[in-house]
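Student: Next comes start12.txt, compact mmCIF, C-alpha atoms:
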# COMPACT_ATOMS: atom_id res chain seq x y z
CA MET A 291 77.94 76.39 81.72
CA GLN A 292 80.18 76.71 78.66
CA PHE A 293 82.36 79.69 77.84
CA ALA A 294 80.28 82.75 76.89
CA ASP A 295 76.91 81.09 77.60
CA GLU A 296 76.12 83.56 80.38
CA PHE A 297 76.70 86.61 78.23
CA LEU A 298 75.97 85.77 74.59
CA GLN A 299 72.68 84.78 73.01
CA ASN A 300 74.71 82.30 71.01
CA ALA A 301 78.20 81.33 72.15
CA ASP A 302 79.15 80.73 68.51
CA ASP A 303 78.75 84.47 67.93
CA PHE A 304 82.25 85.08 69.24
CA PRO A 305 84.04 86.54 66.19
CA ARG A 306 86.15 84.12 64.22
CA GLN A 307 88.09 86.92 62.52
CA LEU A 308 90.05 89.67 64.21
CA SER A 309 88.13 92.38 62.45
CA GLY A 310 84.84 94.20 62.49
CA THR A 311 83.15 97.52 62.06
CA PRO A 312 84.82 100.28 64.06
CA TRP A 313 82.64 102.70 65.99
CA GLY A 314 84.62 105.54 64.43
CA SER A 315 88.04 106.70 63.45
CA LYS A 316 89.20 108.20 66.75
CA THR A 317 92.18 107.02 68.78
CA VAL A 318 92.91 107.51 72.45
CA THR A 319 96.37 106.95 73.91
CA ILE A 320 96.57 106.28 77.63
CA ASP A 321 100.11 106.69 78.77
CA PHE A 322 101.10 105.02 82.03
CA LEU A 323 102.98 102.08 83.43
CA SER A 324 104.55 99.99 80.70
CA GLY A 325 102.39 101.63 78.08
CA PRO A 326 101.38 103.55 76.14
CA TYR A 327 98.06 101.84 75.55
CA VAL A 328 96.44 102.87 72.28
CA PHE A 329 92.72 102.35 71.64
CA ASP A 330 91.46 102.88 68.12
CA GLY A 331 88.15 102.56 66.31
CA LEU A 332 86.37 104.89 68.73
CA ASN A 333 83.69 107.42 67.95
CA GLN A 334 83.55 110.94 69.34
CA THR A 335 81.30 110.05 72.29
CA GLN A 336 83.48 107.15 73.37
CA THR A 337 86.59 109.28 73.02
CA GLU A 338 85.08 111.91 75.28
CA VAL A 339 84.04 109.51 78.04
CA ILE A 340 87.38 107.70 77.99
CA THR A 341 89.29 110.97 78.00
CA GLU A 342 87.22 112.25 80.90
CA ARG A 343 87.75 109.06 82.90
CA PHE A 344 91.49 108.85 82.31
CA SER A 345 92.07 112.55 81.91
CA GLY A 346 95.52 112.94 83.46
CA LEU A 347 96.85 109.96 81.58
CA VAL A 348 95.50 110.61 78.10
CA GLY A 349 98.49 111.68 76.11
CA ALA A 350 99.50 112.80 72.72
CA ASP A 351 99.19 110.39 69.83
CA CYS A 352 101.66 107.57 70.12
CA THR A 353 104.72 108.17 67.99
CA ASP A 354 106.53 104.93 68.82
CA ALA A 355 104.31 102.20 67.47
CA SER A 356 106.69 99.46 68.60
CA ALA A 357 106.26 100.38 72.26
CA ALA A 358 102.49 100.70 72.22
CA ILE A 359 99.92 98.09 73.12
CA HIS A 360 97.06 98.39 70.66
CA THR A 361 93.41 97.61 71.21
CA HIS A 362 91.00 97.80 68.29
CA ILE A 363 87.39 98.50 69.16
CA TYR A 364 84.46 97.38 67.04
CA THR A 365 80.72 97.61 67.24
CA LEU A 366 78.27 94.77 67.71
CA PRO A 367 74.48 94.73 67.79
CA GLU A 368 72.86 94.78 71.23
CA ALA A 369 70.97 91.63 70.27
CA THR A 370 74.24 89.68 70.39
CA PHE A 371 74.26 89.90 74.15
CA LYS A 372 71.99 88.55 76.82
CA SER A 373 70.44 91.07 79.14
CA ILE A 374 71.95 90.89 82.62
CA ASP A 375 69.91 91.77 85.70
CA THR A 376 72.61 93.53 87.67
CA GLN A 377 70.57 93.61 90.89
CA GLY A 378 72.69 91.54 93.26
CA TRP A 379 74.95 90.46 90.41
CA GLU A 380 78.65 90.57 91.07
CA TYR A 381 80.58 91.78 88.06
CA HIS A 382 82.65 89.04 86.48
CA MET A 383 83.86 87.88 83.07
CA ASP A 384 84.31 84.56 81.33
CA PHE A 385 87.85 83.65 80.33
CA ASP A 386 88.99 81.14 77.74
CA TYR A 387 92.73 80.66 78.20
CA GLN A 388 94.74 79.30 75.29
CA GLN A 389 98.42 78.88 74.54
CA THR A 390 98.96 82.14 72.67
CA TYR A 391 95.77 84.09 73.30
CA ILE A 392 92.86 84.49 75.62
CA ARG A 393 89.23 85.23 74.90
CA ILE A 394 87.07 87.17 77.29
CA VAL A 395 83.34 87.67 77.35
CA GLY A 396 81.59 90.00 79.74
CA MET A 397 78.56 92.19 80.04
CA ARG A 398 78.00 93.66 76.58
CA PHE A 399 81.49 92.99 75.24
CA MET A 400 83.84 90.35 73.89
CA ALA A 401 87.57 90.55 73.57
CA TYR A 402 90.47 88.64 72.13
CA ILE A 403 93.91 89.30 73.59
CA ARG A 404 96.79 87.95 71.57
CA LEU A 405 99.78 87.30 73.77
CA GLU A 406 102.33 86.09 71.26
CA PRO A 407 104.32 87.22 69.42
CA THR A 408 103.21 90.65 70.67
CA LEU A 409 100.49 91.81 73.00
CA GLU A 410 97.51 93.16 71.08
CA ALA A 411 93.76 93.18 71.70
CA TRP A 412 90.48 93.34 69.85
CA MET A 413 87.22 94.32 71.50
CA TRP A 414 83.66 94.04 70.22
CA THR A 415 81.05 95.91 72.21
CA ALA A 416 77.50 97.14 72.06
CA ASP A 417 78.34 100.08 74.30
CA ASP A 418 78.60 103.56 72.89
CA ALA A 419 78.51 106.24 75.58
CA ARG A 420 78.23 103.56 78.25
CA LEU A 421 81.60 102.08 77.41
CA ILE A 422 82.99 103.51 80.65
CA SER A 423 79.91 103.43 82.89
CA ASN A 424 79.22 99.78 82.05
CA SER A 425 82.82 99.00 83.03
CA ALA A 426 83.61 97.04 79.88
CA PHE A 427 86.49 99.25 78.84
CA GLU A 428 88.02 99.40 82.28
CA ASN A 429 87.73 95.67 82.96
CA LEU A 430 89.37 94.79 79.67
CA PHE A 431 92.05 97.40 80.28
CA ARG A 432 92.92 95.83 83.63
CA VAL A 433 93.50 92.47 82.00
CA ILE A 434 95.68 93.93 79.27
CA VAL A 435 97.78 95.75 81.86
CA ALA A 436 98.13 92.56 83.91
CA TYR A 437 99.54 90.61 80.94
CA LYS A 438 101.81 93.46 79.93
CA LEU A 439 103.29 93.65 83.41
CA LEU A 440 103.66 89.86 83.58
CA SER A 441 105.90 89.93 80.52
CA GLU A 442 108.19 92.41 82.28
CA GLY A 443 108.54 90.64 85.61
CA GLY A 444 105.74 92.57 87.26
CA MET A 445 102.21 91.99 88.33
CA VAL A 446 98.88 93.51 89.31
CA LEU A 447 97.77 92.96 92.90
CA HIS A 448 94.41 93.37 94.57
CA SER A 449 95.83 95.59 97.24
CA ALA A 450 95.79 98.82 99.13
CA GLY A 451 98.84 100.91 98.41
CA LEU A 452 100.25 103.57 100.71
CA ALA A 453 103.31 105.70 100.11
CA LYS A 454 105.58 107.94 102.13
CA ASN A 455 109.06 109.39 101.57
CA GLY A 456 109.31 107.75 98.16
CA HIS A 457 108.50 104.30 99.51
CA ALA A 458 105.39 102.18 99.10
CA TRP A 459 103.77 99.42 101.10
CA LEU A 460 101.13 97.17 99.64
CA PHE A 461 98.46 95.40 101.64
CA ILE A 462 96.91 92.43 99.95
CA GLY A 463 93.70 90.69 100.75
CA ARG A 464 90.37 89.66 99.31
CA SER A 465 87.28 91.80 99.39
CA GLY A 466 86.41 92.77 102.94
CA ALA A 467 89.94 92.38 104.26
CA GLY A 468 90.16 96.07 105.09
CA LYS A 469 91.96 97.58 102.12
CA SER A 470 89.82 100.72 102.06
CA THR A 471 89.96 101.00 105.85
CA ILE A 472 93.73 100.80 106.04
CA SER A 473 93.99 103.25 103.16
CA LYS A 474 91.99 105.80 105.11
CA LEU A 475 93.96 105.14 108.31
CA GLY A 476 97.18 105.61 106.39
CA GLU A 477 95.99 108.85 104.88
CA ASN A 478 95.02 110.12 108.32
CA ALA A 479 98.59 109.37 109.40
CA GLY A 480 100.04 111.45 106.61
CA MET A 481 100.64 108.77 104.03
CA THR A 482 99.59 109.04 100.39
CA ILE A 483 96.99 106.61 99.12
CA LEU A 484 97.95 105.01 95.84
CA SER A 485 94.86 102.88 95.41
CA ASP A 486 92.66 100.98 97.82
CA ASP A 487 91.82 98.31 95.28
CA MET A 488 94.49 97.54 92.74
CA ASN A 489 98.13 98.44 92.38
CA ALA A 490 100.74 97.53 89.85
CA VAL A 491 104.26 96.41 90.60
CA ILE A 492 106.96 96.70 88.00
CA LEU A 493 110.56 95.61 88.09
CA LYS A 494 112.92 98.27 86.91
CA ASP A 495 116.71 98.02 87.14
CA GLY A 496 116.35 95.37 89.83
CA VAL A 497 114.03 97.47 91.98
CA TYR A 498 110.34 96.83 92.52
CA LEU A 499 108.28 99.94 91.98
CA SER A 500 104.60 100.35 92.61
CA GLU A 501 102.17 102.64 90.89
CA GLN A 502 98.47 102.91 91.40
CA LEU A 503 96.19 101.64 88.70
CA PRO A 504 93.48 104.17 87.89
CA PHE A 505 90.71 101.61 88.22
CA ALA A 506 87.76 101.19 90.50
CA GLY A 507 88.13 101.57 94.22
CA GLU A 508 86.94 104.04 96.78
CA TYR A 509 90.22 105.88 96.47
CA GLY A 510 92.56 106.01 93.53
CA GLN A 511 89.95 106.46 90.85
CA THR A 512 91.78 109.59 89.96
CA ALA A 513 93.59 109.23 86.71
CA VAL A 514 96.40 111.44 87.97
CA THR A 515 99.09 109.02 89.02
CA GLN A 516 100.95 109.69 92.25
CA GLY A 517 104.11 108.38 90.64
CA LYS A 518 106.22 105.31 91.19
CA PHE A 519 107.43 104.28 94.62
CA SER A 520 109.99 101.75 95.74
CA VAL A 521 108.17 98.80 97.33
CA GLN A 522 109.33 98.14 100.88
CA GLY A 523 106.84 95.52 101.91
CA VAL A 524 103.81 93.53 100.86
CA TYR A 525 101.66 92.44 103.79
CA TYR A 526 98.59 90.24 104.06
CA LEU A 527 95.84 92.17 105.80
CA GLN A 528 93.93 91.09 108.86
CA LYS A 529 91.75 93.22 111.11
CA SER A 530 92.95 92.97 114.67
CA GLU A 531 92.60 94.47 118.11
CA GLN A 532 96.22 95.48 118.07
CA ASN A 533 98.75 96.39 115.46
CA LYS A 534 101.25 93.61 114.83
CA ILE A 535 103.17 91.92 112.08
CA THR A 536 103.20 88.13 112.22
CA GLU A 537 105.78 86.19 110.32
CA THR A 538 104.38 83.74 107.81
CA SER A 539 106.09 81.00 105.87
CA SER A 540 107.43 81.77 102.43
CA ALA A 541 105.05 79.21 100.97
CA ARG A 542 102.05 80.89 102.55
CA ARG A 543 103.23 84.31 101.41
CA LEU A 544 103.47 83.03 97.85
CA ALA A 545 100.01 81.51 98.03
CA GLU A 546 98.57 84.78 99.36
CA LEU A 547 100.21 86.73 96.56
CA MET A 548 98.93 84.30 93.95
CA VAL A 549 95.39 84.51 95.22
CA CYS A 550 95.53 88.31 95.06
CA SER A 551 96.89 88.46 91.51
CA PRO A 552 93.77 88.51 89.38
CA PHE A 553 93.22 87.13 85.86
CA ILE A 554 96.54 85.37 85.46
CA ASN A 555 96.35 83.25 88.62
CA THR A 556 93.84 81.02 86.85
CA ASP A 557 95.59 81.04 83.48
CA PRO A 558 97.01 77.52 83.14
CA TYR A 559 99.57 78.59 80.54
CA ARG A 560 100.99 81.56 82.37
CA TYR A 561 100.34 81.09 86.07
CA ALA A 562 103.81 79.55 86.40
CA ALA A 563 105.39 82.74 85.08
CA LEU A 564 103.24 84.71 87.51
CA ALA A 565 104.35 82.45 90.36
CA ASN A 566 107.98 83.10 89.44
CA ASN A 567 107.42 86.86 89.37
CA LEU A 568 105.64 86.78 92.70
CA ALA A 569 108.27 84.59 94.33
CA ALA A 570 110.95 87.03 93.24
CA LEU A 571 108.95 89.94 94.66
CA ARG A 572 108.32 88.05 97.89
CA ASP A 573 112.04 87.41 98.29
CA SER A 574 112.91 91.06 97.72
CA VAL A 575 110.56 92.87 100.12
CA ASN A 576 109.35 92.63 103.70
CA GLY A 577 106.20 90.66 104.32
CA GLY A 578 104.02 88.71 106.69
CA THR A 579 100.54 89.20 108.05
CA LEU A 580 99.71 92.71 109.22
CA GLY A 581 97.09 92.79 111.92
CA PHE A 582 95.84 96.34 112.10
CA SER A 583 93.73 98.13 114.63
CA LEU A 584 90.86 100.37 113.62
CA GLY A 585 92.35 102.88 116.03
CA GLY A 586 95.29 103.39 113.69
CA GLY A 587 99.00 103.37 114.39
CA PHE A 588 99.96 100.46 112.13
CA GLN A 589 102.33 102.66 110.15
CA SER A 590 104.89 102.60 112.98
CA LEU A 591 105.47 98.91 112.16
CA LEU A 592 106.43 99.57 108.56
CA ALA A 593 110.15 99.47 107.97
CA GLU A 594 111.64 101.71 105.29
CA MET B 273 88.15 57.08 99.64
CA ALA B 274 90.88 54.80 101.03
CA ILE B 275 94.03 54.15 99.13
CA THR B 276 97.07 52.04 99.85
CA SER B 277 100.75 52.36 99.19
CA SER B 278 100.32 50.30 96.05
CA SER B 279 97.79 52.74 94.61
CA VAL B 280 98.68 54.42 91.34
CA LEU B 281 97.66 58.06 91.09
CA GLN B 282 98.03 61.04 88.82
CA LEU B 283 97.07 64.69 88.76
CA ASN B 284 93.50 65.45 87.90
CA THR B 285 92.92 66.96 84.46
CA ASP B 286 92.23 70.48 85.72
CA ILE B 287 95.37 70.60 87.84
CA ARG B 288 98.48 72.44 86.76
CA GLN B 289 101.66 72.44 88.76
CA THR B 290 104.88 74.32 88.59
CA ARG B 291 108.04 74.44 90.63
CA VAL B 292 109.22 77.78 91.98
CA ALA B 293 112.65 77.31 93.55
CA ASN B 294 112.07 74.85 96.42
CA GLU B 295 108.32 75.17 96.37
CA GLY B 296 105.53 73.98 94.20
CA VAL B 297 102.52 75.96 93.08
CA ILE B 298 99.43 73.97 92.17
CA LEU B 299 96.56 75.55 90.32
CA ARG B 300 93.12 74.04 90.44
CA GLN B 301 91.79 75.65 87.35
CA ASN B 302 88.16 74.63 87.77
CA ASP B 303 87.71 76.59 90.98
CA GLY B 304 90.68 78.95 90.85
CA GLU B 305 92.26 77.57 94.00
CA ILE B 306 95.99 77.78 94.51
CA LEU B 307 98.05 75.50 96.71
CA VAL B 308 101.66 76.08 97.60
CA VAL B 309 103.52 72.99 98.70
CA ASN B 310 107.03 72.29 99.88
CA ASP B 311 109.90 70.67 98.04
CA VAL B 312 109.12 67.11 99.06
CA ALA B 313 105.47 67.47 98.14
CA ILE B 314 106.12 68.87 94.69
CA HIS B 315 108.73 66.19 94.09
CA PHE B 316 106.16 63.59 95.09
CA LEU B 317 103.51 65.05 92.80
CA GLU B 318 105.92 65.27 89.90
CA MET B 319 106.49 61.54 90.17
CA LEU B 320 102.82 60.55 90.22
CA ASP B 321 102.54 59.86 86.52
CA GLY B 322 99.63 57.48 86.50
CA LYS B 323 101.95 54.47 86.18
CA THR B 324 104.04 54.55 89.33
CA SER B 325 102.70 53.37 92.67
CA ILE B 326 103.12 55.35 95.87
CA ASP B 327 105.57 52.83 97.32
CA THR B 328 107.75 53.00 94.21
CA VAL B 329 107.80 56.79 94.50
CA ALA B 330 108.67 56.50 98.18
CA THR B 331 111.62 54.24 97.35
CA ALA B 332 112.93 56.82 94.91
CA LEU B 333 112.47 59.68 97.37
CA LEU B 334 114.40 57.76 100.05
CA GLU B 335 117.50 58.18 97.93
CA GLU B 336 117.21 61.93 98.31
CA TYR B 337 115.79 62.47 101.77
CA GLU B 338 117.12 61.04 105.01
CA VAL B 339 113.94 59.82 106.63
CA ASP B 340 112.60 56.61 108.05
CA SER B 341 111.18 54.57 105.19
CA ARG B 342 108.04 53.53 107.09
CA VAL B 343 107.33 57.09 108.18
CA LEU B 344 107.84 58.39 104.65
CA LEU B 345 105.55 55.77 103.12
CA ALA B 346 102.84 56.38 105.68
CA ASP B 347 103.09 60.15 105.26
CA LEU B 348 102.99 59.98 101.47
CA THR B 349 100.01 57.63 101.49
CA ALA B 350 98.12 59.87 103.89
CA TYR B 351 99.02 62.95 101.87
CA ALA B 352 97.96 61.29 98.65
CA GLU B 353 94.61 60.35 100.18
CA GLU B 354 94.13 63.94 101.31
CA LEU B 355 94.85 65.22 97.81
CA LEU B 356 92.62 62.58 96.29
CA ASN B 357 89.74 63.70 98.49
CA GLN B 358 90.41 67.32 97.50
CA GLY B 359 90.25 66.44 93.82
CA VAL B 360 93.91 67.22 93.13
CA LEU B 361 94.72 63.58 92.38
CA THR B 362 92.81 60.81 90.71
CA GLU B 363 93.37 57.07 90.93
CA THR B 364 94.21 55.22 87.72
Render the structure in this file as structure tokens.

Tutor:
Amino acid sequence: MQFADEFLQNADDFPRQLSGTPWGSKTVTIDFLSGPYVFDGLNQTQTEVITERFSGLVGADCTDASAAIHTHIYTLPEATFKSIDTQGWEYHMDFDYQQTYIRIVGMRFMAYIRLEPTLEAWMWTADDARLISNSAFENLFRVIVAYKLLSEGGMVLHSAGLAKNGHAWLFIGRSGAGKSTISKLGENAGMTILSDDMNAVILKDGVYLSEQLPFAGEYGQTAVTQGKFSVQGVYYLQKSEQNKITETSSARRLAELMVCSPFINTDPYRYAALANNLAALRDSVNGGTLGFSLGGGFQSLLAE
Amino acid sequence: MAITSSSVLQLNTDIRQTRVANEGVILRQNDGEILVVNDVAIHFLEMLDGKTSIDTVATALLEEYEVDSRVLLADLTAYAEELLNQGVLTET
């Protein structure tokens, strides 16, 4: 199947110009982690649902245009898109990776993310009030954040994040590895859950800091960030009868990190930069495979 | 698919590789798989340019690594066959 075939009635309908008809004249600025992220072209309804979803992070209008990452949002007729039967359908998007930009097509939206010379995005969607509930906005936002962090030595990781005493530990693994479970166990032990699904890692003054991403997960959907925490370790999760940390080779650790770094790990033009960022992270923090017991107690293995 | 030490191979078209310090990261773009290989392996893959046979590559690698030449050649041929069967390499 060719790019966009699954989502568009006609794959050639992907806009050839970076323009369109805005939904309205409203702007929302979401201020967190390497942002601010400014979304314009919204109508009142969209502004309200976005503001409600990201409430604690929606800030004042951006005054420093040079620091902001802009996304322009335009309307498209519903007829542009194929109808998706979401029963049993796992949410995914189509990516078209190119040297200086990427194109994305998903359920009821298309997007163009320009990566050079500056990061900027354009989104065309048929969703008005459903812009949040249909996940289009959030899924595009995740990708934009991932590329922004990449450019600064950081990354986004499918991971559970737990924090205590100003430190954070991330637990990577695919779906079903136990990220939500270990998050709950950690909370029961007095740790703070960052997110049980996706966390960001930034490099600041030579220190790796983690902050939750306010995206989907059982925990961490709150838009009120817990703050930034110094990363002490990134462990690969494995359910086990007893709590233990098993040493793994540096090559395996890098592979595990790559697999858990969405969007960019399949970008042929930028996966090398991601690999470099991840190798540097791997070499700076504790790691290995964390076998954890459903009875709890794993936190005693975590070095600060 | 059997190959010999005189086989000439190259990376498949959907394969991207990059060196990260002493390791190599290989991306299989078509299925999103990632392989991390060691220094010798990435060096080997970097030299498979679609014109150079496995035994010529082995001769070059012998100048850098202190190993038995027969062992190296046998290992590289076996490794190449494994990667060929996985779709990482293609025979020219």

Student: Give me, as a tab-separated table (two decimals) with C-alpha atoms, in the coordinates of the input, the residues of chain A touching chain B, with the criterion being at most 8 Å (counting only C-alpha atoms).

Tutor:
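The result, written out as iface-v2.tsv:
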chain	number	residue	atom	x	y	z
A	541	ALA	CA	105.05	79.21	100.97
A	542	ARG	CA	102.05	80.89	102.55
A	544	LEU	CA	103.47	83.03	97.85
A	545	ALA	CA	100.01	81.51	98.03
A	548	MET	CA	98.93	84.30	93.95
A	549	VAL	CA	95.39	84.51	95.22
A	555	ASN	CA	96.35	83.25	88.62
A	556	THR	CA	93.84	81.02	86.85
A	557	ASP	CA	95.59	81.04	83.48
A	558	PRO	CA	97.01	77.52	83.14
A	561	TYR	CA	100.34	81.09	86.07
A	562	ALA	CA	103.81	79.55	86.40
A	565	ALA	CA	104.35	82.45	90.36
A	566	ASN	CA	107.98	83.10	89.44
A	569	ALA	CA	108.27	84.59	94.33

Student: Ser449 (chain A): which residues within 6 Å, counting all atoms listed in the file, same-chain residues fewer than 2 positions away excluded, as a PyMOL selection string?

Tutor: chain A and resi 447+461-462+487-488

Student: Measuring between all atoms listed in the file, which one of B:Glu335, B:Asp311, B:Glu318, B:Asp347 shows the shortest distance to Thr276 (chain B)?

Tutor: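 The answer is B:Asp347, which sits nearest to Thr276 (chain B).
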
Student: Give as a PyMOL selection string each residue that has an atom at most 8 Å from (104.8, 92.8, 101.7) in the file, counting all atoms listed in the file.

Tutor: chain A and resi 459-461+522-526+572+575-578

Student: Determine, counting only C-alpha atoms, which protein, DNA and RNA residues have an atom within 7 Å of an atom of Ser278 (chain B); residues of the same chain fewer than 5 positions away are not included. Present the result as a list in words.

Tutor: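 Near neighbours after the sequence-gap exclusion: Ser325, Ile326 and Asp327 of chain B.
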
Student: Report the centre and edge lengths, in Å to one decimal, of an axis-aligned box enclosing every atom of region 529-548 of chain A listed in the file, padded by 6 Å on each side, as lines of an AutoDock Vina configuration file.

Tutor:
center_x = 99.6
center_y = 87.8
center_z = 106.0
size_x = 27.7
size_y = 29.2
size_z = 36.2

Student: If we count all atoms listed in the file, what is near Leu345 (chain B) at a cut-off of 10 Å, once residues fewer than 4 positions away on the same chain are taken out, given as a PyMOL selection string?

Tutor: chain B and resi 276-277+326-331+333-334+339-341+349-351

Student: Report, in Å to a single decimal, how far apart CA of Ser465 (chain A) and CA of Gly359 (chain B) are.

Tutor: 26.1 Å

Student: Suppose you want the space between CA of Gly346 (chain A) and CA of Glu428 (chain A); what is it in Å?

Tutor: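 CA of Glu428 (chain A) lies at a distance of 15.5 Å from CA of Gly346 (chain A).
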
Student: Using all atoms listed in the file for the distances, tell me which of A:Leu527, A:Glu442, A:Pro407, A:Asn489 is nearest to Gly466 (chain A).

Tutor: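 Smallest distance to Gly466 (chain A) is found for A:Leu527.
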
Student: Using only C-alpha atoms, which residues sit within 10 Å of Leu421 (chain A) once same-chain residues fewer than 4 positions away are excluded, as a ChimeraX atom specification?

Tutor: /A:335-337,339-340,398-399,415-417,425-428

Student: Would you mind reading off the distance between CA of Leu440 (chain A) and CA of Ala563 (chain A), one decimal, in Å?

Tutor: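 Interatomic distance, CA of Leu440 (chain A) to CA of Ala563 (chain A): 7.5 Å.
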
Student: Out of B:Thr362, B:Asn284, B:Asn357, B:Ser279, which residue has the shortest atom-to-atom distance to Thr324 (chain B) when counting all atoms listed in the file?

Tutor: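 That would be B:Ser279, the residue with the smallest distance to Thr324 (chain B).
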
Student: Pick the closest to Leu409 (chain A) from A:Thr361, A:Gln502, A:Ser473, A:Gln334: which is it, counting all atoms listed in the file?

Tutor: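 Answer, going by the shortest atom-to-atom distance: A:Thr361.
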
Student: (98.4, 98.3, 71.2) in this file's frame - what residues fall within 6 Å of it? Use only C-alpha atoms and give the answer as a compact mmCIF listing (two decimals) with C-alpha atoms, in the frame of the given file.

Tutor:
# COMPACT_ATOMS: atom_id res chain seq x y z
CA TYR A 327 98.06 101.84 75.55
CA VAL A 328 96.44 102.87 72.28
CA ALA A 358 102.49 100.70 72.22
CA ILE A 359 99.92 98.09 73.12
CA HIS A 360 97.06 98.39 70.66
CA THR A 361 93.41 97.61 71.21
CA GLU A 410 97.51 93.16 71.08
